[in-house]
Structures are given as C-alpha cells and as structure tokens.
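Okay, run_5.txt now, which holds compact mmCIF, C-alpha atoms and all ligand atoms:
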```
# COMPACT_ATOMS: atom_id res chain seq x y z
CA MET A 653 0.00 0.00 0.00
CA LYS A 654 1.43 3.38 -1.01
CA ARG A 655 2.14 6.21 1.43
CA MET A 656 -0.79 8.24 2.73
CA MET A 657 -1.72 11.59 1.21
CA ASP A 658 -2.24 12.89 4.76
CA ALA A 659 1.00 12.75 6.74
CA ALA A 660 -1.01 12.45 9.96
CA LEU A 661 -2.25 9.03 8.77
CA GLU A 662 1.24 7.68 8.14
CA GLU A 663 1.60 6.35 11.67
CA VAL A 664 -1.83 4.72 11.40
CA ARG A 665 -0.81 3.11 8.12
CA ARG A 666 2.44 1.81 9.60
CA LYS A 667 0.59 0.25 12.55
CA VAL A 668 -2.18 -1.25 10.42
CA LEU A 669 0.31 -2.90 8.08
CA ALA A 670 2.30 -4.20 11.07
CA GLY A 671 -0.88 -5.52 12.70
CA GLN A 672 -0.43 -3.23 15.70
CA ARG A 673 -3.17 -1.82 17.88
CA LEU A 674 -4.22 1.82 17.35
CA ASP A 675 -4.52 4.28 20.23
CA GLU A 676 -6.61 7.35 20.98
CA HIS A 677 -4.20 9.63 19.12
CA ASP A 678 -4.57 7.47 16.00
CA GLY A 679 -8.35 7.59 16.37
CA LEU A 680 -8.30 11.38 16.45
CA ALA A 681 -6.11 11.44 13.32
CA ILE A 682 -8.68 9.24 11.58
CA CYS A 683 -11.47 11.60 12.67
CA ALA A 684 -9.58 14.63 11.33
CA THR A 685 -8.21 13.35 8.03
CA ARG A 686 -9.50 14.67 4.71
CA ASP A 687 -8.11 11.63 2.93
CA ILE A 688 -11.34 9.66 2.98
CA HIS A 689 -10.17 7.32 0.21
CA GLY A 690 -6.87 6.52 1.93
CA LEU A 691 -8.86 5.79 5.07
CA GLY A 692 -11.11 3.38 3.16
CA GLU A 693 -8.03 1.56 1.86
CA LEU A 694 -6.62 1.21 5.37
CA ALA A 695 -9.90 -0.13 6.77
CA SER A 696 -10.13 -2.49 3.79
CA VAL A 697 -6.71 -3.96 4.61
CA VAL A 698 -8.05 -5.01 8.02
CA ARG A 699 -11.41 -6.08 6.67
CA ARG A 700 -9.83 -8.31 3.99
CA ARG A 701 -7.35 -9.76 6.48
CA LEU A 702 -10.29 -10.88 8.63
CA HIS A 703 -12.86 -11.86 6.03
CA GLY A 704 -11.29 -12.02 2.58
CA PRO A 705 -13.95 -11.34 -0.04
CA ASN A 706 -16.89 -12.33 2.19
CA VAL A 707 -19.76 -10.04 3.10
CA TYR A 708 -22.33 -11.52 5.46
CA TYR A 709 -26.10 -11.15 5.54
CA ASN A 710 -28.91 -13.13 7.07
CA ILE A 711 -32.60 -13.81 6.58
CA ASN A 712 -34.19 -12.19 9.58
CA ARG A 713 -37.14 -10.22 10.83
CA HIS A 714 -37.10 -7.36 13.32
CA ILE A 715 -40.06 -7.30 15.72
CA ASN A 716 -40.87 -4.38 18.01
CA TYR A 717 -43.34 -5.53 20.68
CA THR A 718 -44.20 -2.08 22.03
CA ASN A 719 -43.24 1.53 21.52
CA TYR A 720 -44.53 2.66 24.91
CA CYS A 721 -41.50 3.71 26.91
CA VAL A 722 -40.94 5.27 30.30
CA LEU A 723 -37.78 6.93 29.00
CA ALA A 724 -37.71 10.08 26.87
CA CYS A 725 -34.33 10.04 25.11
CA SER A 726 -33.97 13.14 22.98
CA PHE A 727 -32.70 11.25 19.90
CA CYS A 728 -35.65 8.85 19.82
CA SER A 729 -38.61 9.16 17.46
CA PHE A 730 -39.94 5.68 18.28
CA ARG A 731 -41.23 5.97 21.85
CA ARG A 732 -44.74 6.90 22.88
CA PRO A 733 -45.44 8.08 26.42
CA TRP A 734 -47.21 5.93 28.96
CA PRO A 735 -50.03 6.12 29.92
CA PRO A 736 -51.60 6.69 26.51
CA ALA A 737 -54.13 9.55 26.47
CA ALA A 738 -57.57 8.11 27.33
CA GLU A 739 -60.39 7.88 24.78
CA PRO A 740 -63.40 10.11 25.57
CA SER A 741 -65.15 7.01 26.92
CA GLY A 742 -62.15 6.20 29.08
CA GLU A 743 -61.71 2.96 27.13
CA MET A 744 -58.62 1.90 25.25
CA PRO A 745 -59.29 1.71 21.52
CA ALA A 746 -59.43 -1.60 19.68
CA GLY A 747 -56.06 -3.27 19.33
CA ARG A 748 -54.86 -1.20 22.29
CA GLN A 749 -53.43 1.36 19.90
CA GLU A 750 -53.54 5.06 20.45
CA ALA A 751 -51.68 8.08 19.08
CA GLY A 752 -49.36 5.68 17.35
CA GLY A 753 -48.75 3.72 20.54
CA TYR A 754 -48.97 -0.07 20.47
CA GLU A 755 -48.22 -3.19 22.41
CA LEU A 756 -48.36 -6.61 20.84
CA SER A 757 -49.74 -9.61 22.68
CA VAL A 758 -47.52 -12.66 23.16
CA ASP A 759 -49.60 -14.45 20.52
CA GLU A 760 -49.09 -11.62 18.05
CA VAL A 761 -45.31 -11.69 18.53
CA VAL A 762 -45.23 -15.48 18.19
CA ALA A 763 -47.37 -15.29 15.04
CA LEU A 764 -44.93 -12.81 13.47
CA ALA A 765 -42.01 -15.07 14.36
CA ARG A 766 -43.78 -18.11 12.90
CA GLN A 767 -44.53 -16.19 9.71
CA ALA A 768 -40.87 -15.18 9.49
CA ALA A 769 -39.63 -18.75 10.02
CA GLU A 770 -42.04 -20.03 7.37
CA GLY A 771 -40.59 -17.44 4.99
CA GLY A 772 -37.07 -18.77 5.56
CA ALA A 773 -35.87 -16.52 8.41
CA THR A 774 -33.22 -17.96 10.69
CA GLU A 775 -33.40 -15.13 13.23
CA VAL A 776 -35.88 -12.81 14.92
CA HIS A 777 -34.48 -9.59 16.39
CA ILE A 778 -36.92 -8.47 19.09
CA VAL A 779 -36.69 -5.19 20.99
CA GLY A 780 -39.11 -2.63 22.37
CA GLY A 781 -39.63 0.36 24.63
CA LEU A 782 -39.49 0.11 28.43
CA HIS A 783 -43.15 -0.62 29.12
CA PRO A 784 -44.07 0.11 32.75
CA ARG A 785 -46.84 -2.49 33.04
CA LEU A 786 -45.90 -5.61 31.10
CA PRO A 787 -44.70 -8.20 33.64
CA PHE A 788 -41.47 -10.20 33.29
CA GLU A 789 -43.64 -13.24 32.44
CA TYR A 790 -44.64 -11.51 29.18
CA TYR A 791 -41.03 -11.57 27.96
CA LEU A 792 -40.51 -15.15 29.13
CA ASP A 793 -43.73 -16.14 27.34
CA ILE A 794 -42.55 -14.51 24.11
CA CYS A 795 -39.38 -16.61 24.21
CA ARG A 796 -41.20 -19.80 25.25
CA GLY A 797 -43.89 -19.27 22.61
CA ILE A 798 -41.39 -18.74 19.79
CA ARG A 799 -39.22 -21.62 20.93
CA ALA A 800 -42.24 -23.95 20.93
CA ALA A 801 -43.60 -22.72 17.58
CA CYS A 802 -40.26 -22.45 15.73
CA PRO A 803 -37.61 -24.62 17.43
CA GLY A 804 -34.84 -23.72 14.95
CA LEU A 805 -35.34 -19.95 14.94
CA HIS A 806 -32.59 -17.95 16.69
CA ILE A 807 -34.05 -15.52 19.22
CA LYS A 808 -31.85 -12.42 19.40
CA ALA A 809 -33.72 -10.17 21.77
CA PHE A 810 -33.71 -7.40 24.35
CA THR A 811 -31.05 -4.71 24.65
CA ALA A 812 -29.11 -4.25 27.87
CA VAL A 813 -31.51 -1.41 28.71
CA GLU A 814 -34.49 -3.79 28.57
CA ILE A 815 -32.66 -6.45 30.59
CA VAL A 816 -32.05 -3.95 33.43
CA HIS A 817 -35.72 -2.87 33.19
CA PHE A 818 -36.86 -6.51 33.53
CA SER A 819 -34.61 -6.94 36.55
CA ARG A 820 -36.19 -3.90 38.22
CA LEU A 821 -39.81 -4.81 37.45
CA SER A 822 -39.63 -8.56 38.14
CA ARG A 823 -41.41 -9.81 41.27
CA PRO A 824 -39.76 -11.23 43.21
CA ARG A 825 -36.98 -9.00 41.98
CA ARG A 826 -34.31 -10.79 39.93
CA THR A 827 -30.69 -9.83 39.41
CA VAL A 828 -29.52 -9.17 35.86
CA ARG A 829 -27.88 -12.58 35.89
CA GLN A 830 -31.13 -14.29 36.95
CA VAL A 831 -33.07 -12.41 34.25
CA LEU A 832 -30.61 -13.60 31.62
CA GLN A 833 -30.66 -17.17 32.92
CA GLU A 834 -34.46 -17.35 32.95
CA LEU A 835 -34.73 -15.81 29.50
CA ARG A 836 -32.20 -18.29 28.20
CA GLU A 837 -34.10 -21.21 29.71
CA ALA A 838 -37.20 -19.79 27.97
CA GLY A 839 -35.43 -19.77 24.60
CA LEU A 840 -33.34 -16.58 24.29
CA ASP A 841 -30.20 -17.19 22.23
CA SER A 842 -28.30 -13.89 22.05
CA LEU A 843 -28.51 -10.16 22.77
CA PRO A 844 -28.52 -7.35 20.20
CA GLY A 845 -26.22 -4.38 20.71
CA GLY A 846 -28.67 -1.52 21.20
CA GLY A 847 -28.83 1.05 23.95
CA ALA A 848 -25.11 1.79 24.10
CA GLU A 849 -25.45 5.21 22.40
CA ILE A 850 -22.22 7.02 23.44
CA PHE A 851 -20.36 6.01 26.56
CA ASP A 852 -19.77 9.45 27.99
CA GLN A 853 -21.30 11.13 31.03
CA ARG A 854 -21.84 14.51 29.33
CA VAL A 855 -23.59 12.99 26.34
CA HIS A 856 -25.58 10.68 28.61
CA ASP A 857 -26.79 13.58 30.76
CA GLU A 858 -27.70 15.75 27.78
CA ALA A 859 -29.34 13.20 25.48
CA PHE A 860 -30.54 10.16 27.43
CA LYS A 861 -30.26 11.01 31.11
CA ALA A 862 -32.81 8.55 32.50
CA LYS A 863 -31.38 5.60 30.57
CA ILE A 864 -28.80 3.23 32.03
CA GLY A 865 -25.23 4.42 31.59
CA GLU A 866 -22.12 2.65 30.47
CA GLN A 867 -21.56 0.82 33.77
CA ASP A 868 -24.93 -0.95 33.63
CA TRP A 869 -24.71 -1.52 29.88
CA PHE A 870 -21.34 -3.24 30.21
CA ALA A 871 -22.48 -5.13 33.34
CA VAL A 872 -25.30 -6.75 31.35
CA HIS A 873 -22.98 -7.76 28.52
CA ARG A 874 -20.39 -9.00 31.03
CA GLU A 875 -22.98 -11.27 32.67
CA ALA A 876 -24.21 -12.39 29.25
CA HIS A 877 -20.71 -13.23 28.06
CA ASP A 878 -20.00 -15.04 31.34
CA LEU A 879 -23.11 -17.13 30.81
CA GLY A 880 -22.00 -17.98 27.28
CA ILE A 881 -24.54 -15.66 25.64
CA PHE A 882 -23.09 -13.82 22.60
CA SER A 883 -24.01 -10.21 21.92
CA ASN A 884 -23.33 -7.17 19.74
CA ALA A 885 -22.30 -3.60 20.50
CA THR A 886 -23.55 -0.36 18.92
CA MET A 887 -22.53 3.28 18.70
CA LEU A 888 -25.11 5.95 17.92
CA TYR A 889 -23.16 8.73 16.19
CA GLY A 890 -23.82 12.06 14.50
CA HIS A 891 -25.85 13.86 17.19
CA ILE A 892 -24.27 15.84 20.04
CA GLU A 893 -21.11 13.80 20.55
CA THR A 894 -17.60 14.95 19.60
CA PRO A 895 -15.11 12.93 17.53
CA ALA A 896 -13.07 12.31 20.69
CA GLU A 897 -16.15 10.87 22.39
CA ARG A 898 -16.65 8.46 19.49
CA VAL A 899 -13.06 7.29 19.80
CA THR A 900 -13.40 6.80 23.57
CA HIS A 901 -16.65 4.88 23.08
CA LEU A 902 -14.95 2.48 20.70
CA LEU A 903 -11.96 2.03 23.00
CA LYS A 904 -14.31 1.08 25.84
CA ILE A 905 -15.92 -1.60 23.68
CA ARG A 906 -12.46 -2.87 22.75
CA ALA A 907 -11.38 -3.03 26.40
CA HIS A 908 -14.52 -4.95 27.34
CA GLN A 909 -13.94 -7.37 24.49
CA ASP A 910 -10.38 -7.97 25.70
CA GLU A 911 -11.83 -9.05 29.06
CA SER A 912 -14.46 -11.29 27.47
CA LEU A 913 -11.88 -12.93 25.23
CA ALA A 914 -9.62 -13.53 28.24
CA ARG A 915 -12.45 -15.21 30.14
CA GLY A 916 -13.05 -17.34 27.07
CA ARG A 917 -16.83 -17.77 27.21
CA ALA A 918 -18.84 -15.53 24.87
CA ARG A 919 -18.06 -12.11 23.37
CA PHE A 920 -19.23 -9.35 21.06
CA ASN A 921 -19.70 -10.74 17.59
CA CYS A 922 -20.39 -7.54 15.78
CA LEU A 923 -19.99 -3.79 16.13
CA VAL A 924 -22.82 -1.74 14.66
CA PRO A 925 -22.22 2.00 14.15
CA LEU A 926 -25.72 3.57 13.87
CA PRO A 927 -26.06 6.95 12.11
CA PHE A 928 -28.39 9.30 13.99
CA ILE A 929 -31.60 10.01 12.06
CA PRO A 930 -32.99 13.33 13.34
CA GLU A 931 -36.49 13.22 11.80
CA GLY A 932 -39.24 13.05 14.39
CA SER A 933 -36.91 13.30 17.39
CA ARG A 934 -36.38 16.20 19.80
CA LEU A 935 -33.00 16.69 18.10
CA ALA A 936 -34.65 17.18 14.70
CA HIS A 937 -32.89 20.54 14.37
CA LEU A 938 -29.55 18.73 14.03
CA PRO A 939 -28.43 17.78 10.53
CA GLY A 940 -27.38 14.20 11.28
CA PRO A 941 -24.21 12.69 9.83
CA THR A 942 -23.26 13.18 6.18
CA GLY A 943 -22.39 10.31 3.87
CA LEU A 944 -18.67 10.96 4.31
CA ASP A 945 -19.13 10.95 8.07
CA ASP A 946 -20.85 7.55 7.76
CA LEU A 947 -17.88 6.17 5.83
CA ARG A 948 -15.33 7.69 8.19
CA THR A 949 -17.13 6.23 11.21
CA ILE A 950 -17.37 2.74 9.72
CA ALA A 951 -13.63 2.89 8.97
CA LEU A 952 -12.87 4.27 12.44
CA SER A 953 -14.84 1.40 13.99
CA ARG A 954 -13.04 -1.25 11.92
CA LEU A 955 -9.62 0.21 12.63
CA MET A 956 -9.97 0.97 16.35
CA VAL A 957 -11.88 -2.13 17.45
CA ASP A 958 -9.48 -4.80 16.26
CA ASN A 959 -10.91 -7.57 18.45
CA VAL A 960 -14.59 -7.62 17.44
CA PRO A 961 -14.73 -9.76 14.31
CA HIS A 962 -17.55 -8.07 12.38
CA VAL A 963 -18.55 -4.48 11.57
CA LYS A 964 -22.10 -4.05 10.35
CA ALA A 965 -23.36 -1.45 7.89
CA PHE A 966 -27.04 -1.51 8.91
CA TRP A 967 -28.73 -0.77 5.60
CA VAL A 968 -32.01 0.40 7.16
CA MET A 969 -30.36 3.40 8.80
CA LEU A 970 -27.50 3.96 6.36
CA SER A 971 -29.66 3.38 3.26
CA PRO A 972 -28.97 0.38 1.05
CA LYS A 973 -26.75 2.44 -1.25
CA MET A 974 -24.60 3.84 1.55
CA ALA A 975 -24.36 0.38 3.14
CA GLN A 976 -23.07 -0.93 -0.18
CA VAL A 977 -20.35 1.74 -0.33
CA ALA A 978 -19.48 1.15 3.36
CA LEU A 979 -18.28 -2.34 2.38
CA HIS A 980 -15.25 -0.54 0.93
CA TRP A 981 -14.69 1.34 4.22
CA GLY A 982 -14.36 -1.67 6.50
CA ALA A 983 -17.85 -3.18 6.88
CA ASP A 984 -18.29 -6.91 6.24
CA ASP A 985 -21.96 -7.35 7.20
CA ILE A 986 -25.17 -5.60 6.20
CA ASP A 987 -27.72 -7.18 8.59
CA GLY A 988 -30.56 -8.98 6.85
CA THR A 989 -33.94 -8.83 5.22
CA VAL A 990 -35.38 -7.05 8.32
CA VAL A 991 -38.95 -6.90 6.83
CA HIS A 992 -40.25 -4.34 9.31
CA TYR A 993 -38.50 -1.58 11.22
CA ASP A 994 -40.09 0.85 13.60
CA ILE A 995 -37.27 2.50 15.53
CA THR A 996 -36.33 4.73 12.62
CA ARG A 997 -38.59 4.56 9.61
CA ARG A 998 -36.88 6.63 6.98
CA GLU A 999 -35.43 4.03 4.68
CA LEU A 1000 -38.20 1.48 4.85
CA ARG A 1001 -40.59 4.15 3.64
CA GLY A 1002 -38.26 5.45 1.02
CA ASP A 1003 -35.58 3.78 -1.00
CA ALA A 1004 -36.10 0.21 0.17
CA GLY A 1005 -39.88 0.46 -0.01
CA GLY A 1006 -40.14 -2.05 2.82
CA GLN A 1007 -38.86 -4.86 0.61
CA MET A 1008 -35.32 -6.11 0.88
CA GLY A 1009 -35.27 -9.65 -0.38
CA ALA A 1010 -32.22 -11.86 0.00
CA ASP A 1011 -31.67 -11.61 -3.75
CA ARG A 1012 -31.43 -7.82 -3.55
CA LEU A 1013 -29.01 -8.03 -0.60
CA ARG A 1014 -26.84 -10.46 -2.55
CA ARG A 1015 -26.91 -8.17 -5.59
CA LEU A 1016 -25.84 -5.14 -3.51
CA ILE A 1017 -22.92 -7.15 -2.16
CA ARG A 1018 -21.89 -8.71 -5.47
CA GLN A 1019 -22.01 -5.42 -7.34
CA ALA A 1020 -19.69 -3.92 -4.73
CA GLY A 1021 -17.19 -6.63 -5.67
CA PHE A 1022 -17.65 -8.96 -2.71
CA LEU A 1023 -18.92 -12.48 -2.14
CA PRO A 1024 -22.33 -12.68 -0.45
CA VAL A 1025 -22.38 -15.23 2.35
CA GLN A 1026 -25.64 -16.05 4.08
CA ARG A 1027 -24.91 -16.57 7.77
CA ASP A 1028 -26.73 -17.57 10.89
CA THR A 1029 -26.83 -15.13 13.80
CA LEU A 1030 -23.48 -16.30 15.17
CA TYR A 1031 -21.83 -16.00 11.73
CA ALA A 1032 -21.69 -19.65 10.75
CA PRO A 1033 -22.14 -19.71 6.95
CA MET A 1034 -25.38 -21.41 5.91
CA GLU A 1035 -24.46 -24.47 3.89
CA SER A 1036 -26.92 -24.07 1.08
CA ALA A 1037 -26.40 -20.37 0.44
CA ALA A 1038 -22.72 -19.73 1.16
CA GLY A 1039 -21.27 -18.01 -1.83
CA SER A 1040 -24.35 -18.60 -3.93
CA PRO A 1041 -24.68 -16.23 -6.87
O1 LIG A 1101 -30.40 1.61 20.86
C1 LIG A 1101 -32.69 5.23 18.37
C2 LIG A 1101 -30.77 3.65 17.98
C3 LIG A 1101 -30.86 1.47 18.50
C4 LIG A 1101 -32.42 6.55 16.70
O2 LIG A 1101 -27.29 -5.77 17.32
C5 LIG A 1101 -31.48 5.54 16.62
O3 LIG A 1101 -27.25 -6.44 15.25
C6 LIG A 1101 -30.63 6.44 14.72
O4 LIG A 1101 -29.41 -1.39 18.34
N1 LIG A 1101 -31.50 7.46 14.75
C7 LIG A 1101 -31.64 0.19 18.24
N2 LIG A 1101 -30.59 5.48 15.64
C8 LIG A 1101 -31.13 -0.52 17.00
C9 LIG A 1101 -29.98 -1.43 17.28
C10 LIG A 1101 -29.54 -2.41 16.25
C11 LIG A 1101 -29.92 -2.26 14.94
C12 LIG A 1101 -29.50 -3.21 14.00
C13 LIG A 1101 -28.73 -4.28 14.39
C14 LIG A 1101 -28.36 -4.43 15.71
C15 LIG A 1101 -27.57 -5.61 16.13
C16 LIG A 1101 -28.76 -3.48 16.66
O5 LIG A 1101 -31.26 2.43 17.54
C17 LIG A 1101 -31.07 2.17 19.80
C18 LIG A 1101 -30.51 3.53 19.48
O6 LIG A 1101 -29.12 3.54 19.65
N3 LIG A 1101 -31.67 4.75 17.67
N4 LIG A 1101 -33.18 6.34 17.78
C19 LIG A 1101 -32.42 7.56 15.70
N5 LIG A 1101 -33.27 8.58 15.73
```

Starting from the file, give its structure as structure tokens.
Amino acid sequence: MKRMMDAALEEVRRKVLAGQRLDEHDGLAICATRDIHGLGELASVVRRRLHGPNVYYNINRHINYTNYCVLACSFCSFRRPWPPAAEPSGEMPAGRQEAGGYELSVDEVVALARQAAEGGATEVHIVGGLHPRLPFEYYLDICRGIRAACPGLHIKAFTAVEIVHFSRLSRPRRTVRQVLQELREAGLDSLPGGGAEIFDQRVHDEAFKAKIGEQDWFAVHREAHDLGIFSNATMLYGHIETPAERVTHLLKIRAHQDESLARGRARFNCLVPLPFIPEGSRLAHLPGPTGLDDLRTIALSRLMVDNVPHVKAFWVMLSPKMAQVALHWGADDIDGTVVHYDITRRELRGDAGGQMGADRLRRLIRQAGFLPVQRDTLYAPMESAAGSP
C-alpha cells in the first residue's frame, strides 16, 4: 500500500500494516483526516485480512413488541409516552393502539415469528420500549412461545436497557444474571447491541439522562458473556457527541472485548455504528451525519476495534446504497432482510420500499465486488447459500 496523502495518517498506516493496535491519538487522526479514500483503503486492509472477499447477511425479521416507553431520550422518534391519552369514553381503543402507541400480545409476537420462520428466516431480532406495566412473564412467554412454535429460529432479543428494566420490574426481583438465565431457559439465544449510544457522562446527561449508563450496559454484557450468551455492541453517532467521544466509546468496547476474550466464554460478535436520524426526534434541528461521516465512522470502527470480528453497515439506517459503499470502508456485514423496522422509519418508507429480499441483498454485495455469504446469527455460513450467486 502506497504512502498516505495525509502525513497524519502515516503512523496509522504503519501500525495497520504491522498488525499493531491503534490508540486514541490514531483515532483522532482518523477523525480529522481529509483523505477519505486513503482511510477506506486502510480499513479495507483489516477487513480483507479478517474476512477475505466475504460479506455476510442473514434472513431475519425485526419485531418491536411495544413503543410505549418510560424513557424520553432526545434522539428517539420511536417511543410513545405511557399512559396513553384516554379515549373520551375512558376505554382503550381496539387493538390497544392510540396516538401511534402499540403493544403486541404474546400471541401476536409469536405469530410474526412463525410467519418469518415459514418465509425462511433464521433469526428474529426483538426489541421494544421500556413498558411500565408488562410483567417479566410476558417476555418469558414470548421466548417460550417462539421456541415452541419455531424450534430452529434464533431468538436475538432485548437490549441491555431492557434487561435492566426486567430486573427492576420482576417480582420477586431478579438480578440481571437471573433475568438472563431465565430468558435463556425460555429460549433466548443472544442479545442485540442496542442502547449503548455514546459512553460518555456529558452525552448521557444531555441526550438520554434517565437511561442506564455505560456501567450498567457493560455489566449486562459482562454477565451475558460469562453465561456464554453472545451479543453485539452499537454506537449511535452524529448527534451531540464529539469525535473524541466516538473514539473513547470504541476504545471502551475494545477493552470490554479484551476481558471477554480472556475469560473465554462468549463475546461481542459484531460492532454496529448507527447513524443518527434526526427526523421526528427532539433533536430534529440537528443535521445528522453526512455520507462521508458515515464512511469515516465505519472505517474508524473497523480500525480501532481490532478484536470484534464483524462491523455491520445496517442498511435500514444507512440506506442500502450507503451500506453498499461502506463495504469498501471496512464493513463486512449488512444485517438482513429485516422486513419491518419501527425504531427509525426513513429508509423502509423510502428507498427500500419495505422490501429487501435476500436476492437484492446479494446483488448489492456482489455489485460492490464482494462475495455474499448467508450466515446464521453467530456468523456460521449457511451451507446451502454460502457463496451462492
Ligand atoms: O439503541 C434510536 C438507535 C438502536 C435513533 O445488534 C437511533 O445487530 C438512529 O441497536 N436514529 C436500536 N438510531 C437498533 C440497534 C440495532 C440495529 C441493528 C442491528 C443491531 C444488532 C442493533 O437504535 C437504539 C438507538 O441507539 N436509535 N433512535 C435515531 N433517531
């Protein structure tokens, strides 16, 4: 690889080629460089070293069981306040929906999972708001119901924020470890990476004050990893955080992963940088990240976090086209068919039109010059589809 156009990236290049770990100073150089193409090449060196020509996707369905939430994070356009405003009669409307608020019954969630499995899905990704009334049994019943109806379907469910909520609302009160153990006995397979946002006290206090902070978030993933439950990690970027805060966030994930790897049970499988989508949130006056910022942040994630095997370009939030380009900036995964997405709606309404078949995912990957590999949730290639055209 030739020398970098930006002298400040030379040290990063030297370390990347020597397989050495980057530090905070390197991260800041990556955040400041104007050589976006050179940065993509550097991230691609690491990405190819780890995964060769492969880009992973899966057949999945996202299910959001409720958008009622006791929190009021300023970046969120998904939540609806509880209690919902009463109808004039004092009754809840049919389907228990009001002002865009909803909660699905256990049967409804199980039916969606069954439908997904019948359509070829290998995974359901289930998350929701922090509902003040649904009992812990509801979440256990979701897992039990899906496990009974679709024995082979991987249940990836509940962010660390939800797990702490379940621990607080359970009666008798359970510890986080007990919550995870009971959910696993009920059928839970792994945890998604949501709720991490930015691990920084200032950002926490300004944008999501009532939500658990980094200590609790890591504690949940530590318990999960100790119990042999794999998980992911996210970073919500492009709102009120600084470049230095992004770098620190990533270094904290890397340090946690070092510990999990040393203990040798489970770990983070995938890092998912999520671009902030301002529409409909209380931070709607902010512009959100640009396309170049998306690429820079994917590359930063790949280069800084050298011990998490996969970096995901989540096409729903990035847009399918940007996710495709991100494969050349260090990403090796683009999530899956998704089917339905409520947390941010922009792309499912627009470009993707709600339909992202496996054939379209494969085409996006192939046209970017990579080999599409259908995977299960834990990244084992699926026999029948690996490398299929
Ligand atoms: O935790 C909320 C984020 C996350 C907005 O683990 C927003 O494989 C952008 O974690 N703009 C949930 N982002 C989604 C998530 C996820 C998605 C795909 C794959 C995986 C995985 C995890 O969405 C929340 C929050 O960080 N979010 N509001 C917004 N306005």

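Each residue with an atom within 6 Å of any atom of ligand LIG 1101 (chain A) appears in the list, which was built counting only C-alpha atoms and all ligand atoms: A:Phe727, A:Cys728, A:Ser729, A:Pro844, A:Gly845, A:Gly846, A:Gly847, A:Glu849, A:Asn884, A:Thr886, A:Leu888, A:Leu926, A:Pro927, A:Phe928, A:Ile929, A:Pro930, A:Phe966, A:Thr996.
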
Residues from last step as file, C-alpha atoms, as a PDB file, in the coordinates of the input:
```pdb
ATOM      1  CA  PHE A 727     -32.700  11.250  19.900  1.00  0.00           C
ATOM      2  CA  CYS A 728     -35.650   8.850  19.820  1.00  0.00           C
ATOM      3  CA  SER A 729     -38.610   9.160  17.460  1.00  0.00           C
ATOM      4  CA  PRO A 844     -28.520  -7.350  20.200  1.00  0.00           C
ATOM      5  CA  GLY A 845     -26.220  -4.380  20.710  1.00  0.00           C
ATOM      6  CA  GLY A 846     -28.670  -1.520  21.200  1.00  0.00           C
ATOM      7  CA  GLY A 847     -28.830   1.050  23.950  1.00  0.00           C
ATOM      8  CA  GLU A 849     -25.450   5.210  22.400  1.00  0.00           C
ATOM      9  CA  ASN A 884     -23.330  -7.170  19.740  1.00  0.00           C
ATOM     10  CA  THR A 886     -23.550  -0.360  18.920  1.00  0.00           C
ATOM     11  CA  LEU A 888     -25.110   5.950  17.920  1.00  0.00           C
ATOM     12  CA  LEU A 926     -25.720   3.570  13.870  1.00  0.00           C
ATOM     13  CA  PRO A 927     -26.060   6.950  12.110  1.00  0.00           C
ATOM     14  CA  PHE A 928     -28.390   9.300  13.990  1.00  0.00           C
ATOM     15  CA  ILE A 929     -31.600  10.010  12.060  1.00  0.00           C
ATOM     16  CA  PRO A 930     -32.990  13.330  13.340  1.00  0.00           C
ATOM     17  CA  PHE A 966     -27.040  -1.510   8.910  1.00  0.00           C
ATOM     18  CA  THR A 996     -36.330   4.730  12.620  1.00  0.00           C
TER      19      THR A 996
END
```

To one decimal place in Å, what is the distance between CA of Lys904 in chain A and CA of Leu674 in chain A?
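These two atoms are separated by 13.2 Å.
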
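Between Val698 in chain A and the candidates A:Met956, A:Val968, A:Ala765, A:Ala801, the tightest atom-to-atom separation, counting only C-alpha atoms, involves A:Met956.
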
For range 824-836 of chain A, work out the shell of residues within 8 Å, counting all atoms listed in the file and skipping chain neighbours fewer than 5 positions away, then give it as a ChimeraX atom specification.
/A:791-792,795,815-816,818-819,841,872,875-876,879

One decimal, Å: what's the distance from CA of Arg823 in chain A over to CA of His806 in chain A, could you say?
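Going from CA of Arg823 in chain A over to CA of His806 in chain A, I get 27.4 Å.
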
Distance criterion (all atoms listed in the file): nearest to Asn719 in chain A out of A:Gly940, A:Gly671, A:Pro735, A:Pro961
A:Pro735

Could you give me, as a PyMOL selection string, the residues that sit within 7 Å of (-39.4, -14.1, 14.9) in the file's coordinates, counting only C-alpha atoms?
chain A and resi 713+715+762+764-766+768-769+775-777

Could you jot down the CA of Val924 in chain A to CA of Ala965 in chain A separation for me, Å, one decimal place?
6.8 Å

Taking all atoms of range 715-731 of chain A that the file lists, what box with edges along x, y and z, padded by 4 Å per side, do you get, with centre and edge lengths in Å to one decimal, as JSON?
```
{"center_x": -38.6, "center_y": 2.9, "center_z": 23.0, "size_x": 19.8, "size_y": 28.4, "size_z": 22.6}
```

So which one's closest to Ala978 in chain A, A:Asn959, A:Thr949, A:Gln1007, A:Thr894? Using all atoms listed in the file, please.
A:Thr949

Given the point (-23.1, 1.1, 27.4) in the coordinates of this file, which residues lie within 8 Å, counting only C-alpha atoms, and how would they look as a ChimeraX atom specification?
/A:847-851,864-870

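Between Pro1024 in chain A and the candidates A:Arg820, A:Arg874, A:His937, A:His703, the tightest atom-to-atom separation, counting only C-alpha atoms, involves A:His703.
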
Compile a residue-level contact table for range 925-976 of chain A against range 676-683 of chain A at a cut-off of 12 Å, reporting for every qualifying residue the shortest atom pair and its distance in Å to one decimal, with all atoms listed in the file counted, rows ordered by chain and ascending number, as a tab-separated table.
```
residue	atom	partner	partner_atom	distance
A:Leu944	CA	A:Cys683	CA	11.1
A:Asp945	CA	A:Cys683	CA	9.0
A:Asp946	CA	A:Cys683	CA	11.3
A:Leu947	CA	A:Cys683	CA	10.8
A:Arg948	CA	A:Cys683	CA	7.1
A:Thr949	CA	A:Cys683	CA	7.9
A:Ile950	CA	A:Ile682	CA	11.0
A:Ala951	CA	A:Ile682	CA	8.5
A:Leu952	CA	A:Ile682	CA	6.6
A:Ser953	CA	A:Gly679	CA	9.3
A:Arg954	CA	A:Gly679	CA	11.0
A:Leu955	CA	A:Gly679	CA	8.4
A:Met956	CA	A:Gly679	CA	6.8
A:Val957	CA	A:Gly679	CA	10.4
```

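The shortest atom-to-atom distance to Pro941 in chain A, with only C-alpha atoms taken into account, belongs to A:Gly890 out of A:Gly890, A:Pro925, A:Gly780, A:Gly772.
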
Ile778 in chain A surroundings by all atoms listed in the file, 8 Å radius, close-in-sequence under 6 positions cut, as a ChimeraX atom specification
/A:714-717,807-810

Measuring atom to atom with all atoms listed in the file, identify which of A:His901, A:His891, A:Lys861, A:Phe788 is nearest to His817 in chain A.
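Of the candidates, the smallest distance to His817 in chain A is held by A:Phe788.
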